[in-house]
Each structure stands twice: as structure tokens, then as C-alpha cells.
$ cat target13.txt   # compact mmCIF, C-alpha atoms
# COMPACT_ATOMS: atom_id res chain seq x y z
CA MET A 310 53.24 -59.40 -10.46
CA ALA A 311 52.76 -63.16 -10.65
CA ILE A 312 52.84 -65.23 -7.50
CA GLN A 313 55.75 -67.64 -7.66
CA GLY A 314 54.51 -71.21 -7.72
CA GLN A 315 51.74 -71.83 -5.20
CA CYS A 316 53.32 -69.69 -2.49
CA ASP A 317 50.83 -66.96 -1.51
CA LEU A 318 52.75 -65.27 1.28
CA LEU A 319 49.63 -63.70 2.86
CA GLN A 320 48.27 -67.16 3.66
CA LEU A 321 51.42 -68.00 5.66
CA THR A 322 50.65 -65.59 8.46
CA GLU A 323 47.94 -64.76 10.98
CA HIS A 324 49.06 -61.17 11.61
CA CYS A 325 50.09 -59.13 8.58
CA GLY A 326 52.83 -56.50 8.40
CA CYS A 327 52.87 -53.92 11.17
CA GLY A 328 49.64 -55.49 12.48
CA ALA A 329 51.96 -58.05 14.11
CA LYS A 330 53.43 -55.45 16.47
CA LEU A 331 53.31 -56.13 20.19
CA ALA A 332 50.27 -54.25 21.58
CA ALA A 333 51.10 -50.70 22.67
CA ALA A 334 50.18 -51.41 26.31
CA ASP A 335 52.50 -54.45 26.44
CA LEU A 336 55.32 -52.56 24.73
CA ARG A 337 55.12 -49.71 27.26
CA GLU A 338 55.18 -52.16 30.16
CA PHE A 339 58.11 -54.05 28.62
CA LEU A 340 60.17 -50.90 28.02
CA SER A 341 59.44 -49.45 31.45
CA GLY A 342 61.47 -52.26 33.00
CA LEU A 343 64.58 -51.58 30.92
CA PRO A 344 67.45 -49.25 31.85
CA ALA A 345 67.55 -45.89 29.97
CA SER A 346 70.86 -44.44 28.77
CA ARG A 347 71.87 -41.01 30.04
CA ASP A 348 74.72 -40.62 27.57
CA PRO A 349 74.53 -37.00 26.29
CA ARG A 350 75.41 -38.17 22.76
CA LEU A 351 72.05 -39.98 22.56
CA LEU A 352 69.85 -37.11 21.35
CA VAL A 353 66.69 -39.17 20.70
CA GLY A 354 66.26 -42.49 22.48
CA PRO A 355 63.49 -44.89 23.50
CA VAL A 356 61.89 -42.55 26.07
CA THR A 357 59.76 -40.62 23.55
CA PHE A 358 58.78 -43.77 21.58
CA ASP A 359 60.31 -42.18 18.50
CA ASP A 360 60.64 -43.68 15.04
CA ALA A 361 64.43 -43.94 15.21
CA ALA A 362 67.32 -43.18 17.55
CA VAL A 363 69.60 -40.19 16.94
CA TYR A 364 73.22 -40.34 18.14
CA ARG A 365 75.74 -37.48 17.92
CA LEU A 366 78.99 -38.59 16.28
CA ARG A 367 80.25 -34.98 15.97
CA ASP A 368 78.42 -31.67 16.39
CA ASP A 369 77.81 -31.57 12.62
CA CYS A 370 77.21 -35.30 12.13
CA LEU A 371 74.21 -37.11 13.65
CA LEU A 372 73.58 -40.81 13.14
CA VAL A 373 69.98 -42.14 12.78
CA GLN A 374 69.27 -45.85 13.37
CA THR A 375 66.17 -48.00 13.19
CA VAL A 376 65.02 -51.59 12.71
CA ASP A 377 61.69 -52.90 11.49
CA PHE A 378 60.64 -56.35 10.33
CA PHE A 379 57.38 -58.27 10.12
CA PRO A 380 55.41 -61.17 8.58
CA PRO A 381 54.12 -60.89 4.98
CA VAL A 382 51.74 -58.08 4.10
CA ALA A 383 51.43 -58.97 0.39
CA SER A 384 50.98 -62.18 -1.56
CA ASP A 385 53.84 -61.56 -3.96
CA PRO A 386 57.41 -61.83 -2.60
CA GLU A 387 58.93 -58.85 -4.48
CA THR A 388 56.02 -56.65 -3.42
CA PHE A 389 56.49 -57.78 0.20
CA GLY A 390 60.20 -56.91 -0.05
CA ARG A 391 59.47 -53.46 -1.47
CA ILE A 392 56.91 -52.73 1.26
CA ALA A 393 59.17 -54.00 4.06
CA ALA A 394 62.00 -51.79 2.78
CA ALA A 395 59.79 -48.70 2.34
CA ASN A 396 58.45 -49.28 5.86
CA ALA A 397 61.91 -49.57 7.46
CA LEU A 398 63.26 -46.57 5.51
CA SER A 399 60.25 -44.56 6.63
CA ASP A 400 61.55 -44.45 10.21
CA ILE A 401 64.66 -42.61 8.97
CA TYR A 402 62.53 -40.19 6.92
CA ALA A 403 60.18 -39.61 9.85
CA MET A 404 63.20 -38.28 11.83
CA GLY A 405 64.10 -35.87 8.99
CA GLY A 406 67.09 -38.01 7.99
CA ARG A 407 68.43 -39.66 4.85
CA PRO A 408 69.26 -43.38 4.74
CA LEU A 409 72.75 -44.64 3.87
CA THR A 410 73.00 -48.38 4.54
CA ALA A 411 70.74 -51.28 5.46
CA LEU A 412 71.11 -54.78 6.90
CA ALA A 413 68.45 -57.35 6.05
CA LEU A 414 66.78 -59.59 8.66
CA MET A 415 65.00 -62.70 7.45
CA CYS A 416 63.28 -65.51 9.35
CA LEU A 417 62.59 -68.31 6.90
CA PRO A 418 60.56 -71.53 7.10
CA SER A 419 62.78 -73.06 4.43
CA LYS A 420 60.70 -76.28 4.11
CA GLN A 421 57.66 -74.19 3.17
CA VAL A 422 59.15 -71.20 1.38
CA PRO A 423 61.59 -71.94 -1.46
CA LEU A 424 64.87 -70.02 -1.58
CA GLY A 425 63.80 -68.44 -4.87
CA VAL A 426 60.90 -66.76 -3.04
CA ALA A 427 63.26 -65.56 -0.28
CA ARG A 428 65.58 -64.14 -2.94
CA ALA A 429 62.65 -62.36 -4.65
CA ILE A 430 61.80 -60.66 -1.32
CA VAL A 431 65.36 -59.33 -1.07
CA HIS A 432 65.28 -58.23 -4.74
CA GLY A 433 62.18 -56.16 -4.01
CA ALA A 434 63.87 -54.59 -0.98
CA THR A 435 67.05 -53.86 -2.95
CA GLU A 436 65.01 -52.09 -5.62
CA LYS A 437 63.45 -49.80 -2.98
CA LEU A 438 66.82 -49.16 -1.31
CA ALA A 439 68.26 -48.14 -4.70
CA GLU A 440 65.35 -45.71 -5.16
CA ALA A 441 66.18 -44.29 -1.72
CA GLY A 442 69.90 -44.04 -2.57
CA ALA A 443 70.80 -46.53 0.17
CA LEU A 444 72.84 -49.73 -0.01
CA LEU A 445 72.09 -53.22 1.25
CA VAL A 446 75.37 -54.12 2.94
CA GLY A 447 74.58 -57.41 4.67
CA GLY A 448 72.07 -59.27 6.74
CA HIS A 449 71.16 -62.23 8.88
CA THR A 450 68.92 -65.23 8.25
CA LEU A 451 67.27 -67.65 10.66
CA GLU A 452 65.28 -70.85 10.22
CA ASP A 453 61.89 -70.03 11.76
CA PRO A 454 58.29 -71.33 11.52
CA GLN A 455 57.01 -67.87 10.54
CA LEU A 456 58.35 -65.97 7.52
CA LYS A 457 59.44 -62.46 8.51
CA PHE A 458 61.50 -59.86 6.70
CA GLY A 459 62.74 -56.35 7.30
CA LEU A 460 65.71 -54.06 7.56
CA SER A 461 67.88 -52.30 10.06
CA VAL A 462 68.65 -48.93 8.46
CA THR A 463 71.36 -46.41 9.29
CA GLY A 464 71.34 -42.82 8.06
CA LEU A 465 72.33 -39.26 8.84
CA VAL A 466 70.32 -36.23 9.87
CA GLU A 467 71.37 -32.58 9.71
CA PRO A 468 71.51 -30.87 13.09
CA GLY A 469 68.40 -28.69 13.31
CA HIS A 470 66.45 -30.98 10.96
CA ILE A 471 65.52 -33.62 13.55
CA LEU A 472 61.77 -34.29 13.46
CA SER A 473 61.15 -36.03 16.77
CA ASN A 474 57.82 -36.92 18.35
CA ALA A 475 58.40 -34.35 21.07
CA GLY A 476 58.43 -31.13 19.01
CA ALA A 477 54.71 -30.47 18.39
CA ARG A 478 53.65 -26.98 19.51
CA THR A 479 50.31 -25.38 20.30
CA GLY A 480 48.86 -23.88 17.12
CA ASP A 481 50.56 -26.37 14.77
CA VAL A 482 48.56 -27.95 12.00
CA LEU A 483 48.60 -31.74 11.43
CA VAL A 484 49.10 -32.98 7.89
CA LEU A 485 48.82 -36.66 6.89
CA THR A 486 50.56 -37.73 3.66
CA LYS A 487 49.08 -41.15 2.72
CA PRO A 488 45.53 -42.59 2.79
CA LEU A 489 44.51 -44.83 5.72
CA GLY A 490 43.13 -48.36 5.54
CA THR A 491 46.03 -50.66 4.58
CA GLY A 492 45.38 -53.08 7.47
CA LEU A 493 41.73 -53.43 6.48
CA THR A 494 42.57 -53.87 2.80
CA VAL A 495 45.21 -56.52 3.52
CA THR A 496 42.73 -58.38 5.78
CA ALA A 497 40.14 -58.24 2.97
CA ALA A 498 42.78 -59.53 0.53
CA LYS A 499 43.60 -62.40 2.90
CA ALA A 500 39.86 -63.18 3.04
CA GLY A 501 39.65 -63.14 -0.77
CA LEU A 502 37.13 -60.29 -0.56
CA ALA A 503 39.19 -57.40 -1.99
CA PRO A 504 39.16 -56.73 -5.74
CA ALA A 505 42.66 -56.95 -7.26
CA SER A 506 42.65 -53.25 -8.19
CA LEU A 507 42.18 -52.23 -4.53
CA VAL A 508 44.93 -54.56 -3.35
CA GLU A 509 47.27 -53.12 -6.00
CA GLU A 510 46.41 -49.60 -4.89
CA ALA A 511 47.14 -50.46 -1.24
CA ASN A 512 50.40 -52.16 -2.28
CA ARG A 513 51.38 -49.07 -4.27
CA TRP A 514 50.87 -46.83 -1.24
CA MET A 515 52.67 -49.21 1.13
CA SER A 516 55.61 -49.42 -1.33
CA ALA A 517 55.83 -45.64 -1.70
CA LEU A 518 58.79 -43.98 0.03
CA ASN A 519 58.11 -41.23 2.56
CA ARG A 520 61.16 -39.36 1.24
CA ALA A 521 59.26 -36.60 -0.60
CA ALA A 522 56.99 -36.08 2.41
CA ALA A 523 60.01 -35.83 4.74
CA GLU A 524 61.81 -33.39 2.45
CA ALA A 525 58.69 -31.25 2.26
CA ALA A 526 58.42 -31.39 6.06
CA VAL A 527 62.01 -30.22 6.56
CA GLN A 528 61.61 -27.48 3.90
CA GLY A 529 58.34 -26.39 5.48
CA GLY A 530 59.96 -25.98 8.89
CA ALA A 531 57.99 -28.82 10.52
CA HIS A 532 58.26 -29.05 14.31
CA ALA A 533 57.62 -32.80 14.58
CA ALA A 534 56.75 -35.86 12.49
CA THR A 535 56.06 -39.53 12.89
CA ASP A 536 55.14 -42.30 10.48
CA ILE A 537 51.81 -44.05 10.89
CA THR A 538 52.29 -47.79 11.33
CA GLY A 539 51.07 -50.57 13.63
CA PHE A 540 49.47 -48.44 16.36
CA GLY A 541 47.19 -46.80 13.80
CA LEU A 542 46.67 -43.10 13.20
CA LEU A 543 45.31 -42.51 16.69
CA GLY A 544 48.01 -44.57 18.44
CA HIS A 545 50.84 -42.68 16.79
CA CYS A 546 49.06 -39.35 17.25
CA TRP A 547 48.72 -40.08 20.94
CA GLN A 548 52.42 -40.95 21.27
CA MET A 549 53.31 -37.65 19.62
CA ALA A 550 50.85 -35.67 21.75
CA LYS A 551 52.20 -37.28 24.93
CA ALA A 552 55.87 -36.83 24.00
CA SER A 553 55.18 -33.15 23.16
CA GLY A 554 52.95 -32.46 26.18
CA VAL A 555 50.04 -31.22 24.05
CA ARG A 556 46.49 -32.14 23.04
CA MET A 557 45.48 -32.84 19.43
CA ARG A 558 42.10 -32.17 17.84
CA LEU A 559 41.52 -34.39 14.80
CA ARG A 560 38.91 -34.21 12.06
CA ALA A 561 37.86 -37.74 11.10
CA GLY A 562 35.91 -36.49 8.08
CA GLN A 563 39.08 -34.97 6.56
CA MET A 564 41.16 -38.16 6.64
CA PRO A 565 42.42 -39.45 3.27
CA LEU A 566 41.12 -43.04 2.95
CA LEU A 567 41.77 -45.97 0.64
CA ASP A 568 38.73 -46.89 -1.46
CA CYS A 569 36.50 -49.40 0.34
CA ALA A 570 38.34 -49.10 3.70
CA ILE A 571 35.04 -48.10 5.32
CA GLU A 572 33.20 -50.95 3.62
CA PHE A 573 35.80 -53.52 4.73
CA ALA A 574 35.45 -52.24 8.33
CA SER A 575 31.64 -52.46 8.12
CA MET A 576 31.97 -56.06 6.92
CA GLY A 577 34.02 -57.06 9.98
CA LEU A 578 37.37 -57.34 8.20
CA VAL A 579 39.03 -55.46 11.03
CA PRO A 580 42.47 -56.79 12.02
CA ALA A 581 43.03 -57.83 15.65
CA GLY A 582 45.60 -55.03 16.05
CA ALA A 583 42.89 -52.41 15.50
CA TYR A 584 41.01 -53.72 18.55
CA ALA A 585 44.23 -53.75 20.61
CA ASN A 586 44.89 -50.14 19.54
CA ARG A 587 41.35 -49.17 20.53
CA ARG A 588 41.72 -50.81 23.95
CA PHE A 589 45.06 -49.08 24.60
CA LEU A 590 43.54 -45.68 23.82
CA ASP A 591 40.46 -46.17 25.98
CA GLY A 592 40.30 -43.06 28.19
CA ARG A 593 43.13 -41.44 26.20
CA VAL A 594 41.02 -40.38 23.23
CA ARG A 595 37.54 -38.85 23.16
CA ILE A 596 35.63 -39.59 19.95
CA CYS A 597 32.56 -37.55 19.02
CA GLU A 598 29.47 -39.75 18.55
CA LYS A 599 29.05 -38.41 15.00
CA VAL A 600 32.09 -40.45 13.94
CA ALA A 601 30.60 -43.75 12.70
CA LEU A 602 32.01 -47.02 14.07
CA ALA A 603 33.50 -48.04 10.69
CA LEU A 604 35.37 -44.73 10.39
CA GLN A 605 36.63 -45.16 13.96
CA ASP A 606 37.91 -48.60 12.96
CA VAL A 607 39.91 -46.98 10.15
CA LEU A 608 41.47 -44.54 12.63
CA PHE A 609 42.57 -47.47 14.83
CA ASP A 610 43.58 -49.68 11.85
CA PRO A 611 47.24 -50.78 12.04
CA GLN A 612 48.99 -49.34 8.99
CA THR A 613 51.98 -50.84 7.27
CA SER A 614 54.34 -48.30 5.73
CA GLY A 615 51.77 -45.56 6.33
CA GLY A 616 52.27 -41.88 5.63
CA LEU A 617 53.92 -39.23 7.74
CA LEU A 618 51.92 -37.23 10.24
CA VAL A 619 53.62 -33.84 10.15
CA CYS A 620 53.22 -30.99 12.67
CA LEU A 621 53.72 -27.66 10.94
CA PRO A 622 53.22 -24.02 11.87
CA ALA A 623 49.92 -22.97 10.23
CA GLU A 624 51.65 -20.46 7.95
CA SER A 625 53.89 -23.22 6.50
CA VAL A 626 51.12 -25.55 5.35
CA GLU A 627 50.92 -24.05 1.86
CA LYS A 628 54.69 -24.28 1.42
CA PHE A 629 54.53 -27.93 2.52
CA ARG A 630 51.67 -28.70 0.14
CA GLN A 631 53.55 -27.12 -2.77
CA ALA A 632 56.73 -29.05 -1.98
CA ALA A 633 54.72 -32.32 -1.82
CA ALA A 634 52.48 -31.49 -4.81
CA GLY A 635 52.84 -33.70 -7.84
CA GLN A 636 54.54 -36.45 -5.82
CA ARG A 637 52.89 -39.80 -6.47
CA ALA A 638 53.99 -40.89 -3.00
CA CYS A 639 51.90 -38.18 -1.29
CA ARG A 640 48.21 -37.50 -0.87
CA CYS A 641 48.25 -34.71 1.68
CA ALA A 642 45.37 -33.60 3.85
CA VAL A 643 45.12 -31.30 6.84
CA VAL A 644 43.61 -33.59 9.47
CA GLY A 645 43.80 -31.63 12.70
CA GLN A 646 45.55 -29.16 14.95
CA VAL A 647 47.65 -29.01 18.07
CA GLU A 648 46.21 -27.40 21.19
CA GLU A 649 47.41 -26.61 24.64
CA GLY A 650 46.56 -29.30 27.12
CA ASP A 651 48.02 -31.62 29.65
CA GLY A 652 46.69 -34.98 30.79
CA GLU A 653 44.08 -37.24 29.22
CA PRO A 654 42.32 -37.30 26.90
CA ARG A 655 45.17 -36.09 24.74
CA LEU A 656 43.20 -36.72 21.54
CA LEU A 657 39.82 -35.30 20.58
CA VAL A 658 38.27 -36.72 17.41
CA GLU A 659 35.52 -34.78 15.70
CA MET A 660 33.76 -35.40 12.41
CA MET B 326 11.86 -71.88 4.04
CA THR B 327 13.58 -70.86 7.28
CA GLN B 328 16.86 -72.62 7.82
CA GLU B 329 19.09 -73.02 10.84
CA MET B 330 22.74 -73.90 10.88
CA THR B 331 25.64 -73.84 13.32
CA ILE B 332 29.20 -72.78 12.51
CA ASP B 333 31.93 -73.79 14.94
CA ALA B 334 34.69 -71.25 14.37
CA ARG B 335 36.48 -71.84 17.66
CA GLY B 336 40.24 -71.94 17.26
CA LEU B 337 40.11 -70.03 13.99
CA ALA B 338 41.68 -66.61 13.60
CA CYS B 339 39.95 -63.77 11.79
CA PRO B 340 39.18 -63.28 8.96
CA ILE B 341 38.30 -67.01 8.62
CA PRO B 342 35.23 -66.95 10.94
CA VAL B 343 33.95 -63.86 9.08
CA ILE B 344 34.34 -65.59 5.68
CA ARG B 345 32.44 -68.68 6.91
CA VAL B 346 29.57 -66.68 8.39
CA LYS B 347 29.33 -64.47 5.29
CA LYS B 348 29.09 -67.56 3.05
CA ALA B 349 26.46 -69.11 5.31
CA LEU B 350 24.30 -65.97 5.39
CA GLU B 351 24.58 -65.59 1.62
CA GLY B 352 23.51 -69.23 1.21
CA VAL B 353 20.12 -68.86 2.96
CA ALA B 354 17.13 -66.75 1.92
CA ARG B 355 16.17 -66.35 5.57
CA GLY B 356 16.95 -68.18 8.74
CA ARG B 357 19.22 -68.46 11.71
CA VAL B 358 22.98 -68.92 11.84
CA VAL B 359 24.50 -69.83 15.20
CA VAL B 360 28.23 -69.13 15.44
CA LEU B 361 30.61 -70.38 18.13
CA VAL B 362 33.85 -68.44 18.52
CA ASP B 363 36.48 -68.19 21.22
CA GLU B 364 37.93 -64.72 20.62
CA GLN B 365 36.53 -61.28 21.37
CA VAL B 366 37.95 -60.08 18.01
CA ALA B 367 35.78 -62.64 16.18
CA VAL B 368 32.70 -61.49 18.16
CA GLU B 369 33.35 -57.87 17.18
CA ASN B 370 33.93 -58.71 13.54
CA ILE B 371 30.96 -61.06 13.19
CA THR B 372 28.58 -58.57 14.80
CA ARG B 373 29.84 -55.92 12.34
CA LEU B 374 29.20 -58.35 9.48
CA ALA B 375 25.69 -59.11 10.75
CA GLY B 376 24.89 -55.39 10.78
CA TYR B 377 26.38 -54.99 7.29
CA MET B 378 24.15 -57.81 6.01
CA ARG B 379 21.10 -56.28 7.75
CA CYS B 380 20.69 -59.20 10.12
CA SER B 381 19.82 -58.96 13.80
CA HIS B 382 22.14 -60.65 16.26
CA GLN B 383 22.53 -61.64 19.90
CA CYS B 384 25.74 -62.64 21.62
CA ALA B 385 26.24 -64.46 24.90
CA ALA B 386 29.22 -65.97 26.66
CA CYS B 387 29.18 -69.77 26.69
CA GLU B 388 31.55 -72.51 27.72
CA GLY B 389 34.81 -72.06 25.85
CA GLY B 390 33.88 -68.75 24.27
CA PHE B 391 30.87 -66.97 22.81
CA ARG B 392 27.67 -67.95 20.99
CA ILE B 393 26.38 -65.47 18.44
CA ILE B 394 22.86 -65.99 17.07
CA ILE B 395 22.27 -64.21 13.77
CA GLU B 396 18.76 -63.92 12.30
CA LYS B 397 18.45 -63.22 8.58
CA PRO B 398 14.99 -61.71 8.09
CA GLY B 399 14.45 -62.55 4.40
CA SER B 400 13.84 -60.03 1.62
CA GLY B 401 10.04 -60.12 1.81
CA GLY B 402 10.06 -58.86 5.39
CA GLU B 403 7.45 -61.46 6.49
CA GLU B 404 7.43 -62.77 10.03
CA PRO B 405 9.46 -65.98 10.52

$ encode --input "target13.txt" --output "C-alpha cells"
Amino acid sequence: MAIQGQCDLLQLTEHCGCGAKLAAADLREFLSGLPASRDPRLLVGPVTFDDAAVYRLRDDCLLVQTVDFFPPVASDPETFGRIAAANALSDIYAMGGRPLTALALMCLPSKQVPLGVARAIVHGATEKLAEAGALLVGGHTLEDPQLKFGLSVTGLVEPGHILSNAGARTGDVLVLTKPLGTGLTVTAAKAGLAPASLVEEANRWMSALNRAAAEAAVQGGAHAATDITGFGLLGHCWQMAKASGVRMRLRAGQMPLLDCAIEFASMGLVPAGAYANRRFLDGRVRICEKVALALQDVLFDPQTSGGLLVCLPAESVEKFRQAAAGQRACRCAVVGQVEEGDGEPRLLVEM
Amino acid sequence: MTQEMTIDARGLACPIPVIRVKKALEGVARGRVVVLVDEQVAVENITRLAGYMRCSHQCAACEGGFRIIIEKPGSGGEEP
């Protein structure tokens, strides 16, 4: 896709995509000072750091709501729009839901970014929403020095299909559905050091909907799921392990990786968010010394529109794999297991 | 011939310091590149790059940030 005019969106931002998230430690501190609702209709709220909130309208009708927006993660506006939409929709899928409507949020430096570029971003998002069967029903724009775009998405989830962070059980198997390394690849692209084919491959994965993975998870009787975004694989794993009161044993050598992710990490193209994620997890994760530094960097790398991490009973893994097989949006790998355990470290990473 | 150069990357966000150091190291057969940065992230990334390019490095805190000294040994392996 051609870049419109001279406007390379990646060069307009310091932090790309979900790498712009507030650091996990700061977010926890911020949220701890806010009042929590005790309304019984709120089935999933902020306490478990879940992907989306679930609110009971009627016993047979549960509402799922989320919002996600960020600075550019791709050079081309339509691609950025597609990725931002896939990323926001992913929060609905990660709860086991299906999206219905979306509202767009855009912060626009209108002196720098022409309106045609802004419109192309929304076109890309609309295309993804159509693929998801959801409608763009409105939005809000602000004049702002930093371009940002995303969606607030509303959907429904069947009672009994909710995939929260808190459902992982001892003996479950962990399956990851997309390759890791988007933060590293985008940083390499920003540095002009990533071949176009690798950037396209990363863009394709970031644009891919997590719908098929979520459907396979629900069909496979998954106990819990989360999508891997700004806190990296290990950050989101830890949140799930903590919310579920379990320990997780991960196999670094089994992780699906984007081509060259390891090389980009070795070259020092590691986004700042990866270091923040590593700092937050200090003392909360124990990494075996056989796991090389560059591979560790990939595990901490902030992902944008990453795959689902699904917790399944061991006997359901084959059913899940079959349901996800042949889907271009999925590259599934068994990456670990859930064990009994309370307290830190909640994550053990082996080779 | 051994060369020495200094790169002041203070105030620059990654990956810009990494790009500058990479270009500098590629531009000399052997020699020393001194890099000034003001962020821990840049220190981490530049030391990774130095290892990737098979260069030795030392890092010390200095006024306003960090000084990283990178030695490129040269392909012949002779003493500098």
C-alpha cells in the first residue's frame, strides 16, 4: 500500500502502538486509588485487569465493552486503521464475545496530517469492522500534537462463554495463537532496518482478527483467555496467573516468533516498553539461564494486536487446534502449562 | 588506521541512537566510538548492538547521563 504523500505515520511518534501504554506498575498504582463498583450486574470489572468489562443486562444477555487507542504502528494510514481496529476488537474476542458496534476516537495534529490521511485511517478500520460483522456508529475527534486512533467497541457474550483472566485452572495447557515480535519489528521498521517483506508480515499479523481463535477457544471449552498486547507475553501471562491464583510454567523455545525478531533484539532495536515490562516483572518471573537475552527480550516485547493466550484443559487442545487449523489468522503453539501455586514468582520460564 | 569518534545522542529517543552508532561502527575498520546518552533504554540497546557487532564496550555514568565506550577490534584481530 502506497504511503500518501510524504506522510510516514511511523515517523510521527516516539512510542508505537500498544508500546505507548502506561507502564504496568504505574497503571496498577493509578487504578488502586480509584473506587471499585460493587454492583452485582458488573460481572467482570477492572479488578482482574481483564481485556473488557462484562455487564449483565438480563440473565441471557451480557454486554461486553472495551476501548483501545494508540499512536501509529504502521507507516500507511489504512494499515494503521486496520491494525487499530483489529486490536480494539480483540478485547471483545478475548472475553469470548462478539462485537456489534464501535465508536472511533481520533487525536489529530491537523497541521501535520492531512484530512485525507485521517480518512484513510478510518477507511482501514471500517474494512476490519465489516470483516468482524460490526458497525462503526460514530466517534470523536480532537486536535492534538500526537496522532492517535482507536475504537471503543461494544458486543455481547453468551452466559457461560465468558473467558476472563481469572479462570485458569491447575493442569490447563497454554496455547498462543499469533507469533511474537511485533514491537521489535515495528522498531526496526522505524529505524529503516527491517526489510519490507518482514514489515508486511508483521502488519498482516497485527491486522488479523482474533475471531477464529476466540471461536476455537469457546468451542474447545477454554477456561480463560487474554490477548497479548502492550505488557508483552510475560506481562499478560502474569496478570492471568495472578487473577486466577495459579503459577504458569512457560517454554520459551516453543514460542511462535516473527522472522528476525531475535535478530532485531540482538541489534538493540528493543522498544522502551519491553524494558518497562521487564522491570515490572522483576521478582515476579523466574527465567532459566538457558533462555538467551534476545529471546527474553521477545517475551517482554510489547505486542500490538497480538494473539490470544488461551487456557484449555489438556484433553481439549486437539479440538482447539482442529478448530483453528487452516485459519490464516492463527499460528497456534502450546507454550506452557498451569500449575498450582500461590505467591511470587507466578511465572517460570524454561527453554 | 584506528579511528576515534564521539556521538552525542543525548535527548534522542531510541531507535535513533542505535542507528547512529550502527552507522559509525560500520564506517570504521577498527577504532573507538564514544557514545553519550541520557536514557537507560539507550544504554541497554547500544550495549546489545555492540555485542551484535562483536565489539567490546564499557559504560559509566557521567554528568547528564551515560558514556559508553565501544571498541571495534578490526577484522585482522591485531592489537590496536

$ closest_residue --input "target13.txt" --among "A:Gln636, A:Thr613, A:Ser575, A:Thr538" --to "chain B" --atoms "all atoms listed in the file"
A:Ser575

$ closest_residue --input "target13.txt" --among "A:Leu444, A:Ile471, A:Leu493, A:Met557" --to "chain B" --atoms "all atoms listed in the file"
A:Leu493

$ closest_residue --input "target13.txt" --among "B:Phe391, B:Lys347, B:Val366, B:Arg355" --to "B:Met378" --atoms "only C-alpha atoms"
B:Lys347

$ closest_atom_pairs --input "target13.txt" --of "chain B" --to "chain A" --cutoff "12 Å" --atoms "only C-alpha atoms" --output "CSV"
residue,atom,partner,partner_atom,distance
B:Leu337,CA,A:Glu323,CA,9.9
B:Ala338,CA,A:Glu323,CA,7.0
B:Cys339,CA,A:Pro580,CA,7.4
B:Pro340,CA,A:Ala500,CA,6.0
B:Ile341,CA,A:Ala500,CA,6.9
B:Pro342,CA,A:Ala500,CA,9.9
B:Val343,CA,A:Gly577,CA,6.9
B:Ile344,CA,A:Ala500,CA,6.6
B:Arg345,CA,A:Ala500,CA,10.0
B:Val346,CA,A:Gly577,CA,10.7
B:Lys347,CA,A:Met576,CA,9.0
B:Lys348,CA,A:Leu502,CA,11.4
B:Glu364,CA,A:Ala581,CA,9.9
B:Gln365,CA,A:Tyr584,CA,9.2
B:Val366,CA,A:Ala581,CA,6.0
B:Ala367,CA,A:Gly577,CA,8.5
B:Val368,CA,A:Gly577,CA,9.4
B:Glu369,CA,A:Gly577,CA,7.3
B:Asn370,CA,A:Gly577,CA,3.9
B:Ile371,CA,A:Gly577,CA,6.0
B:Thr372,CA,A:Gly577,CA,7.4
B:Arg373,CA,A:Gly577,CA,4.9
B:Leu374,CA,A:Met576,CA,4.4
B:Ala375,CA,A:Met576,CA,8.0
B:Gly376,CA,A:Ser575,CA,7.8
B:Tyr377,CA,A:Met576,CA,5.7
B:Met378,CA,A:Met576,CA,8.1
B:Arg379,CA,A:Met576,CA,10.9

$ closest_residue --input "target13.txt" --among "A:Trp547, A:Phe629, A:Phe589, A:Tyr364" --to "A:Ala332" --atoms "all atoms listed in the file"
A:Phe589

$ closest_atom_pairs --input "target13.txt" --of "stretch 423-529 of chain A" --to "stretch 347-362 of chain A" --cutoff "7 Å" --atoms "all atoms listed in the file" --output "CSV"
residue,atom,partner,partner_atom,distance
A:Ser473,CA,A:Asp359,CA,6.4
A:Asn474,CA,A:Asp359,CA,5.8
A:Ala475,CA,A:Thr357,CA,6.9

$ residues_around --input "target13.txt" --residues "B:Val360" --least-positions-apart "2" --cutoff "8 Å" --atoms "all atoms listed in the file" --output "VMD selection string"
chain B and resid 331 to 334 346 358 362 392 to 395

$ build_atoms --input "target13.txt" --residues "stretch 357-369 of chain B" --atoms "N, CA and C atoms" --output "short mmCIF file (atom, residue, chain, number, x, y, z; two decimals), keeping the file's coordinate frame"
data_model
loop_
_atom_site.label_atom_id
_atom_site.label_comp_id
_atom_site.auth_asym_id
_atom_site.auth_seq_id
_atom_site.Cartn_x
_atom_site.Cartn_y
_atom_site.Cartn_z
N ARG B 357 18.40 -68.74 10.53
CA ARG B 357 19.22 -68.46 11.71
C ARG B 357 20.58 -69.13 11.55
N VAL B 358 21.63 -68.35 11.82
CA VAL B 358 22.98 -68.92 11.84
C VAL B 358 23.53 -68.75 13.25
N VAL B 359 23.90 -69.87 13.87
CA VAL B 359 24.50 -69.83 15.20
C VAL B 359 26.01 -70.01 15.03
N VAL B 360 26.77 -69.09 15.61
CA VAL B 360 28.23 -69.13 15.44
C VAL B 360 28.90 -69.28 16.80
N LEU B 361 29.82 -70.23 16.90
CA LEU B 361 30.61 -70.38 18.13
C LEU B 361 32.01 -69.88 17.84
N VAL B 362 32.48 -68.95 18.67
CA VAL B 362 33.85 -68.44 18.52
C VAL B 362 34.49 -68.37 19.90
N ASP B 363 35.82 -68.26 19.92
CA ASP B 363 36.48 -68.19 21.22
C ASP B 363 37.33 -66.93 21.38
N GLU B 364 37.16 -65.96 20.49
CA GLU B 364 37.93 -64.72 20.62
C GLU B 364 37.01 -63.51 20.54
N GLN B 365 37.31 -62.52 21.38
CA GLN B 365 36.53 -61.28 21.37
C GLN B 365 36.60 -60.60 19.99
N VAL B 366 37.78 -60.70 19.34
CA VAL B 366 37.95 -60.08 18.01
C VAL B 366 36.93 -60.67 17.02
N ALA B 367 36.73 -61.99 17.08
CA ALA B 367 35.78 -62.64 16.18
C ALA B 367 34.35 -62.17 16.48
N VAL B 368 34.04 -61.99 17.78
CA VAL B 368 32.70 -61.49 18.16
C VAL B 368 32.48 -60.11 17.54
N GLU B 369 33.46 -59.24 17.72
CA GLU B 369 33.35 -57.87 17.18
C GLU B 369 33.17 -57.90 15.67
#
